[in-house]
>>> print(open('upload_36.txt').read())   # compact mmCIF, N, CA and C atoms and all ligand atoms
# COMPACT_ATOMS: atom_id res chain seq x y z
N MET A 164 152.70 111.04 151.10
CA MET A 164 153.77 111.37 152.05
C MET A 164 153.94 110.23 153.06
N HIS A 165 155.14 109.69 153.13
CA HIS A 165 155.40 108.61 154.07
C HIS A 165 155.89 109.16 155.39
N PHE A 166 155.29 108.70 156.46
CA PHE A 166 155.76 109.09 157.79
C PHE A 166 155.42 107.96 158.75
N PHE A 167 155.77 108.15 160.03
CA PHE A 167 155.57 107.07 160.99
C PHE A 167 154.67 107.51 162.13
N VAL A 168 154.00 106.55 162.70
CA VAL A 168 153.24 106.80 163.92
C VAL A 168 153.81 105.88 164.97
N ARG A 169 154.23 106.48 166.09
CA ARG A 169 154.81 105.66 167.15
C ARG A 169 153.82 105.56 168.31
N ASP A 170 153.53 104.32 168.68
CA ASP A 170 152.56 104.14 169.76
C ASP A 170 153.26 104.14 171.11
N LEU A 171 152.48 103.94 172.18
CA LEU A 171 153.00 104.03 173.55
C LEU A 171 154.09 103.02 173.83
N SER A 172 153.99 101.85 173.18
CA SER A 172 155.00 100.84 173.45
C SER A 172 156.24 101.02 172.58
N GLY A 173 156.28 102.10 171.82
CA GLY A 173 157.47 102.41 171.05
C GLY A 173 157.53 101.79 169.66
N HIS A 174 156.45 101.14 169.26
CA HIS A 174 156.42 100.57 167.92
C HIS A 174 156.10 101.67 166.91
N SER A 175 156.80 101.66 165.81
CA SER A 175 156.51 102.62 164.75
C SER A 175 155.84 101.91 163.58
N LEU A 176 154.79 102.51 163.11
CA LEU A 176 154.11 101.97 161.93
C LEU A 176 154.19 103.00 160.82
N PRO A 177 154.52 102.56 159.61
CA PRO A 177 154.57 103.51 158.51
C PRO A 177 153.17 103.82 157.97
N PHE A 178 152.92 105.07 157.64
CA PHE A 178 151.64 105.46 157.05
C PHE A 178 151.90 106.33 155.83
N ASP A 179 150.90 106.38 154.98
CA ASP A 179 151.03 107.17 153.76
C ASP A 179 149.71 107.86 153.46
N VAL A 180 149.38 108.86 154.24
CA VAL A 180 148.14 109.61 154.04
C VAL A 180 148.47 111.09 154.18
N SER A 181 147.52 111.97 153.83
CA SER A 181 147.86 113.39 153.89
C SER A 181 146.99 114.20 154.85
N ASP A 182 145.92 113.60 155.39
CA ASP A 182 145.15 114.38 156.35
C ASP A 182 144.85 113.59 157.61
N VAL A 183 144.46 114.31 158.65
CA VAL A 183 144.28 113.70 159.97
C VAL A 183 143.18 112.64 159.96
N ASN A 184 142.08 112.93 159.27
CA ASN A 184 140.99 111.95 159.22
C ASN A 184 141.44 110.61 158.66
N SER A 185 142.10 110.65 157.50
CA SER A 185 142.54 109.41 156.87
C SER A 185 143.51 108.67 157.78
N LEU A 186 144.35 109.45 158.48
CA LEU A 186 145.33 108.82 159.37
C LEU A 186 144.60 108.09 160.50
N GLN A 187 143.58 108.73 161.07
CA GLN A 187 142.84 108.09 162.16
C GLN A 187 142.17 106.80 161.70
N TYR A 188 141.60 106.84 160.50
CA TYR A 188 140.98 105.63 159.97
C TYR A 188 142.02 104.54 159.76
N ALA A 189 143.16 104.93 159.20
CA ALA A 189 144.21 103.96 158.92
C ALA A 189 144.73 103.35 160.22
N ILE A 190 144.87 104.18 161.26
CA ILE A 190 145.36 103.68 162.55
C ILE A 190 144.33 102.72 163.15
N ALA A 191 143.07 103.11 163.11
CA ALA A 191 142.01 102.25 163.66
C ALA A 191 142.02 100.91 162.94
N ASP A 192 142.23 100.97 161.65
CA ASP A 192 142.26 99.79 160.82
C ASP A 192 143.40 98.85 161.21
N ARG A 193 144.54 99.43 161.47
CA ARG A 193 145.73 98.60 161.69
C ARG A 193 146.01 98.27 163.14
N THR A 194 145.52 99.08 164.08
CA THR A 194 145.85 98.82 165.48
C THR A 194 144.63 98.45 166.30
N ALA A 195 143.44 98.58 165.70
CA ALA A 195 142.18 98.31 166.41
C ALA A 195 141.94 99.29 167.55
N ILE A 196 142.66 100.42 167.54
CA ILE A 196 142.37 101.47 168.52
C ILE A 196 141.29 102.36 167.91
N PRO A 197 140.13 102.45 168.56
CA PRO A 197 139.05 103.25 167.98
C PRO A 197 139.47 104.71 167.82
N ILE A 198 138.94 105.34 166.77
CA ILE A 198 139.28 106.72 166.45
C ILE A 198 139.10 107.64 167.65
N GLU A 199 137.99 107.46 168.41
CA GLU A 199 137.73 108.37 169.51
C GLU A 199 138.71 108.20 170.67
N GLU A 200 139.48 107.12 170.67
CA GLU A 200 140.47 106.92 171.74
C GLU A 200 141.88 107.34 171.33
N GLN A 201 142.03 107.69 170.06
CA GLN A 201 143.36 108.06 169.58
C GLN A 201 143.66 109.52 169.94
N ARG A 202 144.88 109.73 170.39
CA ARG A 202 145.33 111.10 170.60
C ARG A 202 146.64 111.23 169.85
N LEU A 203 146.59 112.01 168.77
CA LEU A 203 147.77 112.14 167.92
C LEU A 203 148.46 113.45 168.20
N VAL A 204 149.75 113.35 168.41
CA VAL A 204 150.51 114.54 168.77
C VAL A 204 151.73 114.66 167.86
N TYR A 205 151.93 115.87 167.35
CA TYR A 205 153.16 116.11 166.59
C TYR A 205 153.77 117.40 167.10
N GLY A 206 155.02 117.33 167.53
CA GLY A 206 155.64 118.49 168.16
C GLY A 206 154.86 118.80 169.41
N SER A 207 154.36 120.04 169.52
CA SER A 207 153.57 120.36 170.70
C SER A 207 152.09 120.46 170.36
N SER A 208 151.73 120.12 169.11
CA SER A 208 150.31 120.24 168.78
C SER A 208 149.61 118.91 168.72
N GLN A 209 148.36 118.96 169.12
CA GLN A 209 147.52 117.78 169.01
C GLN A 209 146.83 117.86 167.66
N LEU A 210 146.87 116.78 166.92
CA LEU A 210 146.29 116.78 165.59
C LEU A 210 144.77 116.70 165.67
N VAL A 211 144.12 117.60 164.95
CA VAL A 211 142.67 117.67 164.99
C VAL A 211 142.10 117.21 163.65
N PRO A 212 141.08 116.36 163.69
CA PRO A 212 140.48 115.86 162.44
C PRO A 212 139.99 117.02 161.58
N GLY A 213 140.07 116.85 160.27
CA GLY A 213 139.62 117.88 159.36
C GLY A 213 140.76 118.76 158.88
N ARG A 214 141.93 118.61 159.48
CA ARG A 214 143.09 119.39 159.04
C ARG A 214 144.03 118.47 158.28
N SER A 215 144.89 119.09 157.48
CA SER A 215 145.87 118.28 156.77
C SER A 215 147.11 118.14 157.64
N LEU A 216 147.86 117.08 157.42
CA LEU A 216 149.07 116.84 158.22
C LEU A 216 150.13 117.90 157.95
N ALA A 217 150.12 118.43 156.73
CA ALA A 217 151.09 119.46 156.37
C ALA A 217 150.91 120.71 157.23
N GLU A 218 149.67 120.99 157.62
CA GLU A 218 149.41 122.15 158.48
C GLU A 218 150.15 122.07 159.80
N TYR A 219 150.42 120.85 160.24
CA TYR A 219 151.12 120.67 161.51
C TYR A 219 152.62 120.55 161.30
N GLY A 220 153.02 120.61 160.06
CA GLY A 220 154.45 120.52 159.77
C GLY A 220 154.96 119.09 159.63
N VAL A 221 154.03 118.13 159.52
CA VAL A 221 154.46 116.75 159.33
C VAL A 221 155.03 116.64 157.92
N VAL A 222 156.25 116.15 157.82
CA VAL A 222 156.89 116.00 156.51
C VAL A 222 157.29 114.55 156.31
N GLU A 223 157.72 114.25 155.11
CA GLU A 223 158.24 112.93 154.77
C GLU A 223 159.20 112.43 155.85
N GLY A 224 158.93 111.25 156.40
CA GLY A 224 159.84 110.68 157.38
C GLY A 224 159.60 111.11 158.83
N SER A 225 158.63 112.03 159.06
CA SER A 225 158.32 112.47 160.42
C SER A 225 157.76 111.34 161.25
N THR A 226 157.80 111.50 162.57
CA THR A 226 157.16 110.53 163.45
C THR A 226 156.11 111.24 164.29
N VAL A 227 154.87 110.77 164.16
CA VAL A 227 153.75 111.33 164.91
C VAL A 227 153.53 110.43 166.12
N GLY A 228 153.27 111.03 167.27
CA GLY A 228 153.05 110.24 168.48
C GLY A 228 151.59 109.85 168.62
N LEU A 229 151.37 108.64 169.06
CA LEU A 229 150.01 108.16 169.28
C LEU A 229 149.84 107.79 170.75
N ALA A 230 148.88 108.44 171.41
CA ALA A 230 148.57 108.09 172.79
C ALA A 230 147.10 107.76 172.87
N LEU A 231 146.70 107.17 173.96
CA LEU A 231 145.29 106.86 174.13
C LEU A 231 144.64 107.94 174.97
N ARG A 232 143.41 108.25 174.63
CA ARG A 232 142.67 109.28 175.33
C ARG A 232 142.27 108.88 176.75
N LEU A 233 142.11 107.58 176.96
CA LEU A 233 141.60 107.14 178.25
C LEU A 233 142.67 107.30 179.33
N LYS A 234 142.23 107.67 180.51
CA LYS A 234 143.16 107.78 181.63
C LYS A 234 143.45 106.38 182.15
N GLY A 235 144.65 106.21 182.74
CA GLY A 235 144.97 104.92 183.36
C GLY A 235 145.47 103.90 182.36
N GLY A 236 146.06 104.37 181.26
CA GLY A 236 146.70 103.46 180.33
C GLY A 236 145.72 102.72 179.43
N ALA A 237 146.23 101.76 178.74
CA ALA A 237 145.43 101.03 177.76
C ALA A 237 144.35 100.21 178.46
N PRO A 238 143.14 100.31 177.98
CA PRO A 238 142.06 99.53 178.59
C PRO A 238 142.18 98.07 178.17
N LYS A 239 141.80 97.17 179.03
CA LYS A 239 141.75 95.76 178.65
C LYS A 239 140.57 95.59 177.74
N LYS A 240 140.80 94.98 176.62
CA LYS A 240 139.68 94.78 175.70
C LYS A 240 138.84 93.61 176.17
N ARG A 241 137.55 93.78 176.05
CA ARG A 241 136.69 92.67 176.43
C ARG A 241 136.21 91.92 175.21
N CYS A 242 135.91 90.67 175.43
CA CYS A 242 135.39 89.83 174.35
C CYS A 242 134.15 90.50 173.76
N GLY A 243 134.05 90.53 172.46
CA GLY A 243 132.95 91.21 171.79
C GLY A 243 131.73 90.32 171.58
N PHE A 244 131.77 89.11 172.11
CA PHE A 244 130.65 88.20 171.88
C PHE A 244 129.43 88.57 172.71
N MET A 245 128.26 88.63 172.06
CA MET A 245 127.03 88.93 172.77
C MET A 245 126.37 87.62 173.18
N LEU A 246 126.27 87.41 174.50
CA LEU A 246 125.64 86.18 175.00
C LEU A 246 124.15 86.20 174.67
N ASN A 247 123.58 87.37 174.77
CA ASN A 247 122.21 87.60 174.34
C ASN A 247 122.16 89.08 173.94
N PRO A 248 121.03 89.59 173.43
CA PRO A 248 121.05 90.96 172.89
C PRO A 248 121.54 92.04 173.86
N THR A 249 121.52 91.81 175.17
CA THR A 249 121.96 92.86 176.09
C THR A 249 123.24 92.54 176.84
N ASP A 250 123.64 91.28 176.90
CA ASP A 250 124.82 90.90 177.69
C ASP A 250 126.00 90.50 176.85
N ARG A 251 127.12 91.15 177.16
CA ARG A 251 128.33 90.79 176.44
C ARG A 251 129.12 89.80 177.28
N CYS A 252 129.87 88.95 176.65
CA CYS A 252 130.75 88.01 177.34
C CYS A 252 131.67 88.80 178.27
N SER A 253 131.88 88.31 179.48
CA SER A 253 132.63 89.09 180.47
C SER A 253 134.13 88.79 180.45
N GLN A 254 134.55 87.85 179.63
CA GLN A 254 135.97 87.49 179.56
C GLN A 254 136.77 88.58 178.85
N ALA A 255 138.04 88.67 179.22
CA ALA A 255 138.93 89.60 178.51
C ALA A 255 139.27 88.99 177.15
N ALA A 256 139.37 89.85 176.16
CA ALA A 256 139.73 89.37 174.83
C ALA A 256 141.19 88.94 174.83
N VAL A 257 141.50 87.87 174.12
CA VAL A 257 142.90 87.46 174.04
C VAL A 257 143.60 88.31 172.98
N ARG A 258 144.85 88.63 173.26
CA ARG A 258 145.60 89.47 172.34
C ARG A 258 145.92 88.72 171.05
N ILE A 259 145.90 89.44 169.95
CA ILE A 259 146.30 88.97 168.62
C ILE A 259 145.48 87.78 168.13
N VAL A 260 145.60 86.60 168.80
CA VAL A 260 144.84 85.45 168.30
C VAL A 260 143.35 85.61 168.55
N GLY A 261 142.96 86.55 169.44
CA GLY A 261 141.55 86.78 169.71
C GLY A 261 140.89 87.67 168.67
N ASP A 262 141.70 88.29 167.81
CA ASP A 262 141.15 89.17 166.79
C ASP A 262 140.61 88.37 165.63
N CYS A 263 139.33 88.57 165.33
CA CYS A 263 138.74 87.88 164.19
C CYS A 263 139.16 88.61 162.92
N GLN A 264 139.68 87.85 161.97
CA GLN A 264 140.14 88.44 160.70
C GLN A 264 138.97 88.92 159.86
N LEU A 265 137.80 88.34 160.12
CA LEU A 265 136.65 88.66 159.27
C LEU A 265 135.93 89.92 159.73
N CYS A 266 135.51 89.95 161.02
CA CYS A 266 134.73 91.10 161.47
C CYS A 266 135.57 92.10 162.23
N SER A 267 136.89 91.84 162.41
CA SER A 267 137.84 92.69 163.12
C SER A 267 137.38 93.11 164.52
N SER A 268 136.69 92.21 165.21
CA SER A 268 136.42 92.41 166.63
C SER A 268 137.36 91.48 167.39
N SER A 269 137.47 91.70 168.73
CA SER A 269 138.32 90.83 169.53
C SER A 269 137.49 89.95 170.45
N PHE A 270 137.97 88.76 170.67
CA PHE A 270 137.20 87.80 171.46
C PHE A 270 138.08 87.05 172.44
N CYS A 271 137.42 86.43 173.43
CA CYS A 271 138.14 85.60 174.40
C CYS A 271 138.45 84.26 173.72
N ALA A 272 139.20 83.41 174.45
CA ALA A 272 139.63 82.14 173.88
C ALA A 272 138.45 81.27 173.44
N ARG A 273 137.34 81.41 174.15
CA ARG A 273 136.19 80.56 173.82
C ARG A 273 135.43 81.02 172.58
N HIS A 274 135.49 82.32 172.32
CA HIS A 274 134.68 82.86 171.23
C HIS A 274 135.48 83.37 170.05
N ARG A 275 136.79 83.06 170.04
CA ARG A 275 137.62 83.71 169.02
C ARG A 275 137.40 83.20 167.60
N LEU A 276 136.99 81.94 167.47
CA LEU A 276 136.78 81.42 166.12
C LEU A 276 135.49 81.98 165.53
N ALA A 277 135.51 82.21 164.23
CA ALA A 277 134.35 82.80 163.55
C ALA A 277 133.07 82.02 163.87
N GLU A 278 133.17 80.70 163.91
CA GLU A 278 132.00 79.87 164.20
C GLU A 278 131.50 80.11 165.62
N ASP A 279 132.47 80.29 166.56
CA ASP A 279 132.10 80.43 167.97
C ASP A 279 131.40 81.74 168.30
N HIS A 280 131.70 82.79 167.56
CA HIS A 280 130.99 84.05 167.87
C HIS A 280 129.96 84.35 166.78
N SER A 281 129.54 83.33 166.07
CA SER A 281 128.59 83.49 164.96
C SER A 281 128.94 84.76 164.19
N CYS A 282 130.14 84.78 163.71
CA CYS A 282 130.67 85.95 163.02
C CYS A 282 129.70 86.46 161.95
N PRO A 283 129.36 87.76 162.03
CA PRO A 283 128.43 88.29 161.03
C PRO A 283 128.99 88.23 159.61
N LYS A 284 130.33 88.14 159.50
CA LYS A 284 130.94 88.13 158.17
C LYS A 284 131.05 86.72 157.60
N LEU A 285 130.81 85.74 158.47
CA LEU A 285 131.04 84.36 158.06
C LEU A 285 130.14 83.96 156.89
N SER A 286 128.85 84.32 156.98
CA SER A 286 127.93 83.94 155.91
C SER A 286 128.32 84.63 154.61
N THR A 287 128.78 85.88 154.73
CA THR A 287 129.23 86.59 153.54
C THR A 287 130.37 85.84 152.87
N CYS A 288 131.31 85.36 153.68
CA CYS A 288 132.45 84.62 153.15
C CYS A 288 131.99 83.35 152.47
N ARG A 289 131.07 82.64 153.16
CA ARG A 289 130.57 81.39 152.59
C ARG A 289 129.89 81.67 151.26
N GLU A 290 129.07 82.74 151.25
CA GLU A 290 128.37 83.07 150.00
C GLU A 290 129.36 83.37 148.89
N GLN A 291 130.41 84.12 149.24
CA GLN A 291 131.41 84.46 148.23
C GLN A 291 132.08 83.21 147.70
N ALA A 292 132.43 82.30 148.62
CA ALA A 292 133.07 81.05 148.22
C ALA A 292 132.12 80.25 147.33
N TYR A 293 130.87 80.26 147.71
CA TYR A 293 129.86 79.53 146.95
C TYR A 293 129.73 80.12 145.54
N GLU A 294 129.66 81.45 145.47
CA GLU A 294 129.54 82.12 144.18
C GLU A 294 130.75 81.83 143.29
N ARG A 295 131.92 81.86 143.93
CA ARG A 295 133.16 81.63 143.19
C ARG A 295 133.16 80.21 142.61
N ASN A 296 132.76 79.28 143.49
CA ASN A 296 132.70 77.89 143.10
C ASN A 296 131.70 77.68 141.97
N LYS A 297 130.55 78.34 142.11
CA LYS A 297 129.49 78.20 141.13
C LYS A 297 129.97 78.73 139.76
N ALA A 298 130.62 79.89 139.82
CA ALA A 298 131.12 80.50 138.59
C ALA A 298 132.13 79.56 137.91
N ARG A 299 132.96 78.91 138.75
CA ARG A 299 133.98 78.02 138.21
C ARG A 299 133.32 76.80 137.55
N LEU A 300 132.33 76.23 138.28
CA LEU A 300 131.64 75.06 137.75
C LEU A 300 130.92 75.39 136.45
N GLU A 301 130.30 76.58 136.43
CA GLU A 301 129.61 76.99 135.22
C GLU A 301 130.59 77.14 134.06
N GLY A 302 131.77 77.69 134.39
CA GLY A 302 132.82 77.84 133.39
C GLY A 302 133.22 76.51 132.82
N GLU A 303 133.39 75.52 133.74
CA GLU A 303 133.77 74.18 133.31
C GLU A 303 132.67 73.54 132.46
N ALA A 304 131.42 73.77 132.88
CA ALA A 304 130.29 73.22 132.15
C ALA A 304 130.30 73.72 130.71
N THR A 305 130.57 75.03 130.57
CA THR A 305 130.59 75.62 129.24
C THR A 305 131.67 74.96 128.38
N VAL A 306 132.83 74.72 129.01
CA VAL A 306 133.93 74.09 128.28
C VAL A 306 133.53 72.70 127.81
N SER A 307 132.94 71.91 128.73
CA SER A 307 132.59 70.54 128.32
C SER A 307 131.47 70.54 127.27
N GLU A 308 130.57 71.53 127.37
CA GLU A 308 129.54 71.63 126.34
C GLU A 308 130.18 71.86 124.97
N LYS A 309 131.15 72.77 124.97
CA LYS A 309 131.84 73.08 123.71
C LYS A 309 132.53 71.84 123.16
N LEU A 310 133.20 71.12 124.10
CA LEU A 310 133.91 69.92 123.69
C LEU A 310 132.94 68.88 123.13
N ALA A 311 131.76 68.78 123.80
CA ALA A 311 130.78 67.81 123.38
C ALA A 311 130.29 68.09 121.97
N ARG A 312 130.20 69.40 121.66
CA ARG A 312 129.68 69.78 120.34
C ARG A 312 130.67 69.49 119.22
N VAL A 313 131.95 69.50 119.57
CA VAL A 313 132.98 69.30 118.52
C VAL A 313 132.93 67.88 117.96
ZN ZN B 401 133.88 85.45 175.06
ZN ZN B 402 134.19 87.56 163.41
>>> encode(input="upload_36.txt", output="structure tokens")
Amino acid sequence: MHFFVRDLSGHSLPFDVSDVNSLQYAIADRTAIPIEEQRLVYGSSQLVPGRSLAEYGVVEGSTVGLALRLKGGAPKKRCGFMLNPTDRCSQAAVRIVGDCQLCSSSFCARHRLAEDHSCPKLSTCREQAYERNKARLEGEATVSEKLARV
């Protein structure tokens, strides 16, 4: 079922899920708003996890409202970089460009690059690239071996 979620700034995002839980995960995924801060409203009801959207009367093409649970509007996101195991960077995270594509955390201008915040996903990416490269080289090796034998 296709429907829309409209956030506080009036942006509508299309979604295609059938229950409240999946919707919350999808929203968290796409807007970086944590599930516990999302307040979803349709008509006069607040959507509760564990129920299906159909129970609230959400139909194809409906628009569900998304508000934040916190009082005082949207919180300023802080840089997610840990200076040491107990202290987080005190800078505000920069919007959009501060979001790391790999670990999906937000960072200030100084820590936004994967290298700068020692991104936990970075080594995984490198390993994957290495494996891919290795597989390719092995593939090529096999080809040249075959050619050599001919
Ligand atoms: Zn920082
Ligand atoms: Zn990262």
>>> residues_near_ligand(input="upload_36.txt", ligand="ligand ZN 401 (chain B)", cutoff="6.5 Å", atoms="all atoms listed in the file", output="number ranges by chain")
A: 242-244, 252-254, 270-275
>>> closest_residue(input="upload_36.txt", among="A:Val211, A:Val260, A:Ala304, A:Val168", to="ligand ZN 402 (chain B)", atoms="only C-alpha atoms and all ligand atoms")
A:Val260
>>> closest_residue(input="upload_36.txt", among="A:Thr226, A:Thr194, A:Ser286, A:Thr305", to="Arg169 of chain A", atoms="only C-alpha atoms")
A:Thr226
>>> closest_atom_pairs(input="upload_36.txt", of="segment 195-313 of chain A", to="segment 170-173 of chain A", cutoff="9 Å", atoms="only C-alpha atoms", output="JSON lines")
{"residue": "A:Val227", "atom": "CA", "partner": "A:Asp170", "partner_atom": "CA", "distance": 8.8}
{"residue": "A:Gly228", "atom": "CA", "partner": "A:Asp170", "partner_atom": "CA", "distance": 6.3}
{"residue": "A:Leu229", "atom": "CA", "partner": "A:Asp170", "partner_atom": "CA", "distance": 4.8}
{"residue": "A:Ala230", "atom": "CA", "partner": "A:Leu171", "partner_atom": "CA", "distance": 6.1}
{"residue": "A:Leu231", "atom": "CA", "partner": "A:Leu171", "partner_atom": "CA", "distance": 8.2}
>>> closest_residue(input="upload_36.txt", among="A:Ala189, A:Ala255, A:Leu310, A:Met164", to="Gly220 of chain A", atoms="only C-alpha atoms")
A:Met164
